[in-house]
file target_17.cif (mmCIF, C-alpha atoms)
data_final
#
loop_
_atom_site.label_atom_id
_atom_site.label_comp_id
_atom_site.auth_asym_id
_atom_site.auth_seq_id
_atom_site.Cartn_x
_atom_site.Cartn_y
_atom_site.Cartn_z
CA VAL A 1 -16.20 -1.68 -22.32
CA LEU A 2 -18.40 -4.74 -22.62
CA LEU A 3 -20.67 -3.83 -19.70
CA ASP A 4 -21.29 -0.30 -20.95
CA PRO A 5 -21.33 -0.23 -24.77
CA PRO A 6 -22.62 3.01 -26.32
CA LEU A 7 -26.17 2.17 -27.42
CA LEU A 8 -25.18 -1.48 -27.81
CA VAL A 9 -23.13 -0.85 -30.93
CA SER A 10 -20.60 -3.35 -32.17
CA TYR A 11 -17.86 -4.58 -29.87
CA HIS A 12 -15.16 -3.27 -32.20
CA SER A 13 -16.48 0.29 -32.24
CA SER A 14 -16.91 0.20 -28.45
CA VAL A 15 -13.26 -0.73 -27.95
CA VAL A 16 -12.03 1.90 -30.38
CA SER A 17 -14.19 4.65 -28.91
CA TRP A 18 -13.72 4.06 -25.17
CA PRO A 19 -10.95 6.67 -24.70
CA MET A 20 -13.23 9.30 -26.24
CA ARG A 21 -16.17 8.18 -24.07
CA ALA A 22 -13.91 8.58 -21.05
CA GLY A 23 -13.54 12.24 -22.02
CA CYS A 24 -9.75 12.24 -22.45
CA PRO A 25 -8.87 15.32 -24.56
CA GLY A 26 -5.68 16.81 -25.83
CA PRO A 27 -2.56 14.84 -26.72
CA TYR A 28 -3.27 11.96 -24.34
CA TYR A 29 -5.60 9.76 -26.40
CA GLU A 30 -5.67 11.40 -29.79
CA GLU A 31 -5.18 8.10 -31.61
CA GLY A 32 -6.08 4.55 -30.76
CA ALA A 33 -2.67 3.31 -31.93
CA MET A 34 -0.84 5.34 -29.29
CA ALA A 35 -3.12 4.04 -26.53
CA THR A 36 -2.73 0.49 -27.85
CA LEU A 37 1.07 0.80 -27.80
CA ALA A 38 1.05 2.07 -24.23
CA LEU A 39 -1.33 -0.69 -23.18
CA GLY A 40 0.87 -3.27 -24.89
CA VAL A 41 3.94 -2.14 -22.96
CA LEU A 42 2.03 -2.27 -19.67
CA VAL A 43 0.75 -5.77 -20.47
CA VAL A 44 4.32 -6.92 -21.15
CA LEU A 45 5.50 -5.45 -17.83
CA ILE A 46 2.65 -7.07 -15.89
CA ALA A 47 3.22 -10.41 -17.65
CA SER A 48 6.93 -10.20 -16.83
CA ALA A 49 6.12 -9.65 -13.16
CA LEU A 50 3.76 -12.64 -13.15
CA VAL A 51 6.36 -14.87 -14.84
CA GLY A 52 8.96 -13.73 -12.32
CA MET A 53 6.62 -14.53 -9.46
CA LEU A 54 5.77 -17.96 -10.84
CA PHE A 55 9.28 -19.11 -11.70
CA PHE A 56 11.51 -17.44 -9.11
CA ALA A 57 9.40 -17.12 -5.95
CA GLY A 58 9.77 -20.81 -5.12
CA GLY A 59 13.56 -20.64 -4.96
CA MET A 60 13.93 -17.60 -2.73
CA ILE A 61 14.86 -17.97 0.93
CA TYR A 62 12.95 -16.02 3.57
CA ALA A 63 13.14 -15.85 7.32
CA CYS A 64 9.54 -17.09 7.43
CA LYS A 65 8.13 -18.56 4.23
CA VAL A 66 4.59 -19.90 4.13
CA THR A 67 3.55 -22.71 1.81
CA PHE A 68 -0.04 -22.27 0.70
CA LEU A 69 -2.50 -25.03 -0.10
CA LEU A 70 -2.58 -23.90 -3.74
CA SER A 71 0.49 -23.09 -5.81
CA ASN A 72 1.05 -19.74 -7.49
CA TRP A 73 0.24 -21.40 -10.81
CA MET A 74 -3.13 -22.59 -9.56
CA LEU A 75 -3.95 -19.21 -7.98
CA LEU A 76 -3.15 -17.46 -11.27
CA LEU A 77 -5.33 -19.89 -13.24
CA ILE A 78 -8.22 -19.32 -10.83
CA ALA A 79 -7.85 -15.56 -11.22
CA LEU A 80 -7.84 -15.88 -15.01
CA ALA A 81 -10.94 -18.09 -14.84
CA VAL A 82 -12.76 -15.47 -12.76
CA VAL A 83 -11.84 -12.73 -15.25
CA ALA A 84 -12.93 -14.93 -18.17
CA GLY A 85 -16.25 -15.51 -16.39
CA PHE A 86 -16.83 -11.78 -16.03
CA VAL A 87 -16.03 -11.20 -19.71
CA ALA A 88 -18.30 -14.06 -20.83
CA PHE A 89 -21.18 -12.66 -18.78
CA ALA A 90 -20.55 -9.15 -20.11
CA ARG A 91 -20.82 -10.38 -23.71
CA SER A 92 -23.97 -12.37 -23.07
CA ARG A 93 -27.46 -11.06 -23.84
CA VAL A 94 -28.22 -10.69 -20.14
CA GLY A 95 -25.00 -8.75 -19.62
CA LEU A 96 -25.74 -6.35 -22.46
CA ARG A 97 -29.26 -5.71 -21.16
CA LEU A 98 -27.86 -5.08 -17.69
CA ALA A 99 -25.30 -2.69 -19.19
CA LEU A 100 -28.03 -0.70 -20.90
CA TRP A 101 -30.06 -0.57 -17.66
CA ILE A 102 -27.03 0.72 -15.76
CA ARG A 103 -26.20 3.26 -18.46
CA GLU A 104 -29.70 4.74 -18.35
CA ARG A 105 -29.48 5.22 -14.57
CA GLY A 106 -26.00 6.66 -14.22
CA GLY A 107 -26.82 9.28 -11.59
CA ILE A 108 -28.70 6.81 -9.43
CA ILE A 109 -25.85 4.31 -9.67
CA ASP A 110 -23.31 6.96 -8.63
CA ARG A 111 -25.33 7.93 -5.56
CA ALA A 112 -25.92 4.28 -4.72
CA SER A 113 -22.15 3.67 -4.84
CA LEU A 114 -21.64 6.33 -2.15
CA LEU A 115 -24.33 4.81 0.05
CA ALA A 116 -22.95 1.30 -0.49
CA THR A 117 -19.45 2.52 0.41
CA PHE A 118 -20.70 4.06 3.66
CA ILE A 119 -22.55 0.84 4.51
CA LEU A 120 -19.40 -1.14 3.70
CA PHE A 121 -17.35 0.99 6.10
CA CYS A 122 -19.88 0.60 8.92
CA ALA A 123 -20.15 -3.16 8.39
CA LEU A 124 -16.38 -3.63 8.31
CA ALA A 125 -15.92 -1.49 11.44
CA LEU A 126 -18.46 -3.57 13.36
CA ILE A 127 -16.96 -6.87 12.17
CA VAL A 128 -13.32 -5.87 12.74
CA ARG A 129 -14.15 -4.70 16.25
CA ARG A 130 -14.95 -8.33 17.07
CA TYR A 131 -11.68 -9.87 15.90
CA ALA A 132 -9.00 -7.13 15.89
CA PHE A 133 -5.84 -8.33 17.60
CA VAL A 134 -2.14 -7.62 18.01
CA THR A 135 0.29 -10.10 16.47
CA GLY A 136 3.66 -11.05 17.90
CA TRP A 137 5.75 -9.64 15.05
CA ASP A 138 6.07 -6.16 13.50
CA SER A 139 2.62 -5.00 14.57
CA TRP A 140 3.45 -5.64 18.23
CA HIS A 141 6.72 -3.68 17.96
CA ILE A 142 4.88 -0.72 16.47
CA ILE A 143 1.95 -0.74 18.91
CA SER A 144 4.10 -1.16 22.02
CA ASP A 145 6.67 1.41 20.92
CA ALA A 146 3.97 3.91 19.99
CA LEU A 147 2.74 3.63 23.58
CA ASN A 148 6.33 3.94 24.81
CA LEU A 149 6.80 7.17 22.84
CA LEU A 150 3.76 8.66 24.53
CA THR A 151 4.89 7.61 28.00
CA GLY A 152 8.56 8.50 27.53
CA GLU A 153 9.78 4.91 27.71
CA PRO A 154 12.63 3.61 25.47
CA ILE A 155 11.73 2.00 22.15
CA ASP A 156 13.28 -0.92 20.24
CA LEU A 157 15.91 0.95 18.25
CA GLN A 158 17.36 -2.29 16.85
CA TYR A 159 14.05 -3.17 15.16
CA PHE A 160 13.53 0.26 13.62
CA SER A 161 17.16 0.39 12.50
CA ALA A 162 16.48 -2.78 10.49
CA TYR A 163 13.08 -1.60 9.21
CA PRO A 164 13.17 2.22 9.01
CA ASN A 165 10.22 2.10 6.58
CA ASN A 166 8.00 1.60 9.64
CA LEU A 167 8.95 4.94 11.21
CA LEU A 168 6.08 6.88 9.63
CA LEU A 169 3.72 4.07 10.56
CA LEU A 170 5.03 4.27 14.13
CA ARG A 171 4.22 7.97 14.34
CA PHE A 172 0.77 7.37 12.82
CA VAL A 173 -0.01 4.63 15.35
CA GLU A 174 1.29 6.91 18.09
CA LEU A 175 -1.30 9.46 16.98
CA CYS A 176 -4.03 6.80 17.06
CA VAL A 177 -3.04 5.74 20.58
CA TRP A 178 -3.07 9.42 21.63
CA VAL A 179 -6.60 9.78 20.20
CA ALA A 180 -7.68 6.74 22.22
CA GLN A 181 -6.19 8.28 25.36
CA GLN A 182 -8.06 11.54 24.75
CA LEU A 183 -11.24 9.45 24.65
CA GLY A 184 -10.40 8.18 28.13
CA VAL A 185 -8.90 4.77 27.27
CA THR A 186 -5.22 4.32 28.15
CA SER A 187 -4.67 0.69 27.06
CA TYR A 188 -2.96 -0.10 23.79
CA GLN A 189 -5.99 -2.18 22.68
CA ALA A 190 -7.97 1.02 22.19
CA GLY A 191 -5.20 2.35 19.95
CA VAL A 192 -5.43 -0.85 17.91
CA LEU A 193 -9.15 -0.29 17.41
CA VAL A 194 -8.53 3.29 16.23
CA VAL A 195 -5.97 2.03 13.70
CA CYS A 196 -8.38 -0.68 12.54
CA ALA A 197 -11.06 1.97 12.03
CA PHE A 198 -8.64 3.69 9.64
CA ASN A 199 -8.08 0.31 7.97
CA CYS A 200 -11.81 -0.02 7.32
CA ALA A 201 -12.03 3.54 6.01
CA SER A 202 -9.08 2.88 3.69
CA CYS A 203 -10.76 -0.26 2.34
CA ALA A 204 -14.08 1.52 1.76
CA LEU A 205 -12.35 4.46 0.06
CA ALA A 206 -10.39 2.05 -2.17
CA ALA A 207 -13.66 0.40 -3.24
CA TRP A 208 -15.30 3.72 -4.11
CA LEU A 209 -12.22 5.02 -5.97
CA THR A 210 -12.07 1.78 -7.95
CA TYR A 211 -15.71 2.26 -8.94
CA ARG A 212 -15.15 5.87 -9.98
CA LEU A 213 -11.99 5.12 -11.94
CA LEU A 214 -13.49 2.21 -13.86
CA ALA A 215 -16.74 4.12 -14.42
CA GLU A 216 -14.78 6.93 -16.04
CA LEU A 217 -12.61 4.65 -18.18
CA VAL A 218 -14.79 1.72 -19.25
CA GLY A 219 -18.27 2.27 -17.85
CA ARG A 220 -20.26 1.96 -14.65
CA GLY A 221 -20.86 -1.74 -15.18
CA TRP A 222 -17.20 -2.54 -14.74
CA GLY A 223 -17.11 0.03 -11.95
CA ILE A 224 -19.66 -2.05 -10.04
CA VAL A 225 -17.61 -5.19 -10.69
CA GLY A 226 -14.48 -3.45 -9.39
CA TRP A 227 -16.30 -2.21 -6.28
CA LEU A 228 -17.54 -5.73 -5.51
CA LEU A 229 -14.08 -7.24 -6.00
CA VAL A 230 -12.46 -4.74 -3.62
CA ALA A 231 -15.26 -5.18 -1.07
CA VAL A 232 -14.86 -8.97 -1.13
CA VAL A 233 -11.09 -9.38 -1.53
CA VAL A 234 -9.88 -6.44 0.60
CA GLY A 235 -12.87 -6.18 2.92
CA GLY A 236 -12.78 -9.91 3.58
CA SER A 237 -9.09 -9.90 4.47
CA PRO A 238 -8.17 -10.43 8.16
CA TRP A 239 -5.49 -7.77 7.64
CA LEU A 240 -8.13 -5.17 8.47
CA GLY A 241 -8.00 -6.32 12.08
CA ILE A 242 -4.23 -5.84 12.37
CA ALA A 243 -2.54 -2.51 13.08
CA TYR A 244 -0.03 -2.61 10.25
CA SER A 245 0.84 -0.87 7.00
CA ASP A 246 -0.90 -3.11 4.43
CA PRO A 247 -4.53 -2.14 5.10
CA ILE A 248 -3.72 1.47 6.00
CA VAL A 249 -2.07 2.21 2.66
CA VAL A 250 -4.42 0.18 0.44
CA CYS A 251 -6.35 3.25 -0.74
CA LEU A 252 -3.31 5.33 -1.73
CA PRO A 253 -2.28 3.48 -4.94
CA ILE A 254 -5.79 3.63 -6.41
CA LEU A 255 -6.08 7.26 -5.28
CA GLN A 256 -2.94 8.09 -7.27
CA LEU A 257 -4.40 6.39 -10.35
CA PHE A 258 -7.65 8.29 -9.84
CA LEU A 259 -5.75 11.60 -9.71
CA PHE A 260 -3.78 10.60 -12.81
CA GLU A 261 -6.98 9.89 -14.73
CA ARG A 262 -8.38 13.26 -13.62
CA SER A 263 -5.21 15.03 -14.73
CA MET A 264 -5.62 13.67 -18.25
CA LYS A 265 -8.83 15.69 -18.58
CA ALA A 266 -7.54 18.83 -16.82
CA ASP A 267 -5.32 21.67 -17.90
CA GLY A 268 -3.55 24.67 -16.46
CA SER A 269 -3.21 25.08 -12.73
CA LYS A 270 -5.70 22.31 -11.94
CA ARG A 271 -3.56 19.83 -13.81
CA ALA A 272 -0.42 20.99 -11.99
CA ILE A 273 -2.19 20.64 -8.61
CA LEU A 274 -3.26 17.09 -9.47
CA TRP A 275 0.29 16.09 -10.38
CA MET A 276 1.67 17.75 -7.25
CA SER A 277 -0.87 15.79 -5.20
CA MET A 278 0.30 12.61 -6.87
CA GLY A 279 3.87 13.42 -5.87
CA LEU A 280 2.81 14.08 -2.27
CA LEU A 281 0.92 10.79 -2.05
CA ALA A 282 3.63 8.81 -3.84
CA TYR A 283 6.25 9.36 -1.15
CA VAL A 284 3.79 9.06 1.74
CA ALA A 285 2.65 5.70 0.38
CA TYR A 286 6.27 4.62 -0.15
CA ALA A 287 7.21 5.70 3.39
CA ILE A 288 4.44 3.49 4.80
CA LYS A 289 4.71 0.54 2.39
CA PRO A 290 7.67 0.58 -0.05
CA GLN A 291 5.86 -1.71 -2.53
CA ALA A 292 3.41 1.15 -3.19
CA ALA A 293 6.16 2.77 -5.29
CA PHE A 294 5.16 0.51 -8.19
CA VAL A 295 2.13 2.71 -8.94
CA PRO A 296 3.98 6.02 -9.57
CA ILE A 297 6.61 4.01 -11.45
CA ALA A 298 3.84 2.60 -13.68
CA VAL A 299 2.44 6.10 -14.25
CA VAL A 300 5.87 7.41 -15.25
CA LEU A 301 6.44 4.48 -17.63
CA PHE A 302 3.03 5.02 -19.18
CA CYS A 303 3.77 8.70 -19.75
CA CYS A 304 7.21 7.90 -21.21
CA VAL A 305 5.68 5.47 -23.72
CA ARG A 306 3.00 8.00 -24.63
CA ILE A 307 5.56 10.78 -25.12
CA ALA A 308 7.75 8.50 -27.24
CA ALA A 309 4.82 7.41 -29.41
CA SER A 310 3.65 11.01 -29.84
CA SER A 311 7.16 12.18 -30.74
CA ILE A 312 7.53 9.45 -33.36
CA ARG A 313 4.12 10.21 -34.85
CA GLU A 314 4.59 13.97 -34.93
CA ARG A 315 8.36 13.80 -35.60
CA SER A 316 8.92 16.45 -32.97
CA LEU A 317 9.10 16.91 -29.20
CA GLY A 318 6.16 19.31 -29.13
CA SER A 319 4.23 17.16 -26.67
CA LEU A 320 6.86 17.85 -24.02
CA ARG A 321 5.39 21.30 -23.44
CA HIS A 322 2.33 19.54 -22.00
CA ASP A 323 4.38 17.20 -19.82
CA LEU A 324 7.28 19.21 -18.40
CA PRO A 325 5.01 21.27 -16.07
CA CYS A 326 3.43 18.01 -14.88
CA ALA A 327 6.84 16.49 -14.21
CA ALA A 328 7.96 19.61 -12.35
CA SER A 329 4.78 19.60 -10.25
CA PHE A 330 5.20 15.90 -9.45
CA VAL A 331 8.83 16.40 -8.36
CA ALA A 332 7.86 19.44 -6.29
CA GLY A 333 5.09 17.51 -4.55
CA MET A 334 7.43 14.64 -3.81
CA ALA A 335 10.08 17.03 -2.47
CA VAL A 336 7.54 18.61 -0.11
CA SER A 337 6.39 15.14 0.98
CA ILE A 338 9.97 14.02 1.65
CA MET A 339 10.58 17.06 3.83
CA LEU A 340 7.33 16.65 5.75
CA VAL A 341 7.83 12.94 6.34
CA GLY A 342 11.45 13.56 7.28
CA ALA A 343 10.39 16.14 9.85
CA VAL A 344 7.80 13.77 11.35
CA VAL A 345 10.20 10.83 11.76
CA ALA A 346 13.35 12.85 12.53
CA PRO A 347 13.13 12.53 16.35
CA VAL A 348 13.29 8.73 16.07
CA ARG A 349 15.48 8.40 12.97
CA ALA A 350 18.27 10.39 14.62
CA ARG A 351 18.80 7.54 17.11
CA LEU A 352 18.92 4.69 14.56
CA ASP A 353 21.83 2.70 13.14
CA THR A 354 21.56 3.42 9.40
CA ASP A 355 23.91 0.52 8.52
CA ALA A 356 21.50 -2.06 9.95
CA SER A 357 18.69 -1.47 7.41
CA VAL A 358 17.57 -4.52 5.40
CA GLY A 359 17.56 -2.49 2.18
CA ILE A 360 15.32 -2.35 -0.89
CA PRO A 361 16.05 -5.94 -2.17
CA HIS A 362 14.15 -7.27 0.86
CA TYR A 363 10.93 -5.64 -0.35
CA PHE A 364 11.37 -6.89 -3.91
CA MET A 365 11.69 -10.40 -2.53
CA MET A 366 8.53 -9.89 -0.51
CA GLY A 367 6.75 -8.74 -3.65
CA LEU A 368 7.70 -11.96 -5.43
CA ASN A 369 6.12 -14.10 -2.71
CA PRO A 370 2.65 -12.68 -2.00
#

call {"tool": "encode", "arguments": {"input": "target_17.cif", "output": "structure tokens"}}
result
Amino acid sequence: VLLDPPLLVSYHSSVVSWPMRAGCPGPYYEEGAMATLALGVLVVLIASALVGMLFFAGGMIYACKVTFLLSNWMLLLIALAVVAGFVAFARSRVGLRLALWIRERGGIIDRASLLATFILFCALALIVRRYAFVTGWDSWHIISDALNLLTGEPIDLQYFSAYPNNLLLLRFVELCVWVAQQLGVTSYQAGVLVVCAFNCASCALAAWLTYRLLAELVGRGWGIVGWLLVAVVVGGSPWLGIAYSDPIVVCLPILQLFLFERSMKADGSKRAILWMSMGLLAYVAYAIKPQAAFVPIAVVLFCCVRIAASSIRERSLGSLRHDLPCAASFVAGMAVSIMLVGAVVAPVRARLDTDASVGIPHYFMMGLNP
């Protein structure tokens, strides 16, 4: 909001009017109070997660727990300081002038974001090619067993029985190794490089989607800030050089949010298709990285709060006629995704010991110790 105020009007009017500037019609953002209530609930949920991470992460026992140089408290304070710095700059005279300059050149900025994203992908691919490697833990199991699947050798059924969430990742890496073989390279290192190329593409796509989403919601100025943060934080992560689920799936959560934002401005069949796409992506992301389920959960909670607020305001359930088709489309998309993923992993899953799985609590514990 602060980096893209409409004609530099007052801060208060900018905040009140941003849903309308984002072009959100219909029952979604008809009143600022409803949006404020939904935002308040989301802030409480996020704050609760942060408090849980700060107070409970230190007492949990893991098979391999790393102690960082800075505590979670200090990392959170640094993050808040960075955000406060961005806000202070946005409210300064220089920030407002920059916002006006960006606003007057919207089309150029949009095209520049595409070019910058392509350059980011190329730069990351060249850098990652120099340091990509295979670790001795999960990544090695997946790479070696993907090669074993292609050659007909036995795979580590004990590992995949414990971590069945890596089955879809195994089949994806198997495809990458097969692509490398079709290019004439039979070693597993070539498969790693193919996976890392996808990692770089996922990072670049996440940066561009972040720009587009923020540009639609609060202005291109914050879109540029979001793009830079993703490029630095995600693009600078050594995870891009590892064939594992974290970098591969990084674009899917923001893609779901992007589709959700688009659905708020759509109607009819287009809206149903967007929600069905969200359902498809939701389970694919969950099947690769279970923590990605938090995004569709957040979307559902947001919609529930909005429906409740609208029902209280209108004293009726009339808004449900707008939401039931979306819910049905989402469930249908997820059902199709479940069947497709199940068919892909079925040849391996049939040989696993289902009682040996670590279960969902393991991933919640991982989420509390980033």

call {"tool": "resolve_selection", "arguments": {"input": "target_17.cif", "expression": "the PyMOL selection byres ((chain A and resi 213) around 9)", "output": "list of chain:residue names"}}
result
A:Trp208, A:Leu209, A:Thr210, A:Tyr211, A:Arg212, A:Leu214, A:Ala215, A:Glu216, A:Leu217, A:Val218, A:Gly223, A:Ile254, A:Leu257, A:Phe258, A:Glu261

call {"tool": "closest_residue", "arguments": {"input": "target_17.cif", "among": "A:Leu76, A:Leu70, A:Val87, A:Leu114", "to": "Leu50 of chain A", "atoms": "all atoms listed in the file"}}
result
A:Leu76

call {"tool": "closest_residue", "arguments": {"input": "target_17.cif", "among": "A:Val83, A:Ala90, A:Ile142, A:Ala287", "to": "Gly221 of chain A", "atoms": "only C-alpha atoms"}}
result
A:Ala90

call {"tool": "resolve_selection", "arguments": {"input": "target_17.cif", "expression": "the PyMOL selection byres ((chain A and resi 200) around 12)", "output": "VMD selection string"}}
result
chain A and resid 117 to 129 132 193 to 199 201 to 207 230 to 231 234 to 243 246 to 251

call {"tool": "atom_distance", "arguments": {"input": "target_17.cif", "atom1": "atom CA of Ala162 of chain A", "atom2": "atom CA of Val134 of chain A"}}
result
20.7 Å

call {"tool": "closest_residue", "arguments": {"input": "target_17.cif", "among": "A:Val82, A:Leu301, A:Met276, A:Ala180", "to": "Val336 of chain A", "atoms": "only C-alpha atoms"}}
result
A:Met276

call {"tool": "closest_residue", "arguments": {"input": "target_17.cif", "among": "A:Leu228, A:Val300, A:Asn148, A:Val305", "to": "Ala116 of chain A", "atoms": "all atoms listed in the file"}}
result
A:Leu228

call {"tool": "atom_distance", "arguments": {"input": "target_17.cif", "atom1": "atom CA of Cys176 of chain A", "atom2": "atom CA of Ala343 of chain A"}}
result
18.6 Å

call {"tool": "closest_residue", "arguments": {"input": "target_17.cif", "among": "A:Val344, A:Val331, A:Cys303, A:Leu229", "to": "Val41 of chain A", "atoms": "all atoms listed in the file"}}
result
A:Cys303

call {"tool": "atom_distance", "arguments": {"input": "target_17.cif", "atom1": "atom CA of Leu252 of chain A", "atom2": "atom CA of Leu169 of chain A"}}
result
14.2 Å

call {"tool": "resolve_selection", "arguments": {"input": "target_17.cif", "expression": "the PyMOL selection byres ((chain A and resi 158) around 12)", "output": "list in words"}}
result
His141, Pro154, Ile155, Asp156, Leu157, Tyr159, Phe160, Ser161, Ala162, Tyr163, Pro164, Val348, Arg349, Arg351, Leu352, Asp353, Thr354, Asp355, Ala356, Ser357 and Val358 of chain A

call {"tool": "write_last_selection", "arguments": {"input": "target_17.cif", "atoms": "C-alpha atoms", "output": "short mmCIF file (atom, residue, chain, number, x, y, z; two decimals), in the coordinates of the input"}}
result
data_model
loop_
_atom_site.label_atom_id
_atom_site.label_comp_id
_atom_site.auth_asym_id
_atom_site.auth_seq_id
_atom_site.Cartn_x
_atom_site.Cartn_y
_atom_site.Cartn_z
CA HIS A 141 6.72 -3.68 17.96
CA PRO A 154 12.63 3.61 25.47
CA ILE A 155 11.73 2.00 22.15
CA ASP A 156 13.28 -0.92 20.24
CA LEU A 157 15.91 0.95 18.25
CA TYR A 159 14.05 -3.17 15.16
CA PHE A 160 13.53 0.26 13.62
CA SER A 161 17.16 0.39 12.50
CA ALA A 162 16.48 -2.78 10.49
CA TYR A 163 13.08 -1.60 9.21
CA PRO A 164 13.17 2.22 9.01
CA VAL A 348 13.29 8.73 16.07
CA ARG A 349 15.48 8.40 12.97
CA ARG A 351 18.80 7.54 17.11
CA LEU A 352 18.92 4.69 14.56
CA ASP A 353 21.83 2.70 13.14
CA THR A 354 21.56 3.42 9.40
CA ASP A 355 23.91 0.52 8.52
CA ALA A 356 21.50 -2.06 9.95
CA SER A 357 18.69 -1.47 7.41
CA VAL A 358 17.57 -4.52 5.40
#

call {"tool": "residues_around", "arguments": {"input": "target_17.cif", "residues": "Tyr286 of chain A", "least_positions_apart": "5", "cutoff": "12 Å", "atoms": "all atoms listed in the file", "output": "list in words"}}
result
Pro164, Asn165, Asn166, Leu167, Leu168, Leu169, Ser245, Asp246, Val249, Val250, Leu252, Pro253, Gly279, Leu280, Leu281, Gln291, Ala292, Ala293, Phe294, Val295, Pro296, Ile297, Met334, Ser337, Ile338, Val341, Ile360 and Tyr363 of chain A

call {"tool": "closest_residue", "arguments": {"input": "target_17.cif", "among": "A:Arg220, A:Ser71, A:Phe172, A:Val225", "to": "Gly85 of chain A", "atoms": "only C-alpha atoms"}}
result
A:Val225

call {"tool": "axis_aligned_box", "arguments": {"input": "target_17.cif", "around": "segment 134-145 of chain A", "padding_each_side": "3 Å", "output": "AutoDock Vina command-line options"}}
result
--center_x 2.3 --center_y -4.8 --center_z 17.8 --size_x 14.9 --size_y 18.5 --size_z 14.5

call {"tool": "build_atoms", "arguments": {"input": "target_17.cif", "residues": "segment 80-85 of chain A", "atoms": "all heavy atoms", "output": "compact mmCIF listing (two decimals), in the frame of the given file"}}
result
# COMPACT_ATOMS: atom_id res chain seq x y z
N LEU A 80 -7.52 -16.00 -13.59
CA LEU A 80 -7.84 -15.88 -15.01
C LEU A 80 -9.23 -16.43 -15.31
O LEU A 80 -9.97 -15.88 -16.15
CB LEU A 80 -6.79 -16.60 -15.85
CG LEU A 80 -5.39 -15.99 -15.85
CD1 LEU A 80 -4.41 -16.87 -16.63
CD2 LEU A 80 -5.42 -14.59 -16.45
N ALA A 81 -9.61 -17.52 -14.64
CA ALA A 81 -10.94 -18.09 -14.84
C ALA A 81 -12.03 -17.12 -14.38
O ALA A 81 -13.07 -16.98 -15.02
CB ALA A 81 -11.06 -19.42 -14.10
N VAL A 82 -11.78 -16.44 -13.26
CA VAL A 82 -12.76 -15.47 -12.76
C VAL A 82 -12.91 -14.32 -13.75
O VAL A 82 -14.03 -13.89 -14.08
CB VAL A 82 -12.33 -14.94 -11.38
CG1 VAL A 82 -13.21 -13.78 -10.95
CG2 VAL A 82 -12.41 -16.06 -10.35
N VAL A 83 -11.79 -13.82 -14.27
CA VAL A 83 -11.84 -12.73 -15.25
C VAL A 83 -12.56 -13.19 -16.51
O VAL A 83 -13.40 -12.45 -17.06
CB VAL A 83 -10.42 -12.24 -15.58
CG1 VAL A 83 -10.45 -11.24 -16.74
CG2 VAL A 83 -9.77 -11.61 -14.36
N ALA A 84 -12.26 -14.40 -16.97
CA ALA A 84 -12.93 -14.93 -18.17
C ALA A 84 -14.44 -15.06 -17.93
O ALA A 84 -15.25 -14.80 -18.83
CB ALA A 84 -12.34 -16.28 -18.55
N GLY A 85 -14.83 -15.42 -16.71
CA GLY A 85 -16.25 -15.51 -16.39
C GLY A 85 -16.94 -14.16 -16.46
O GLY A 85 -18.05 -14.04 -17.00
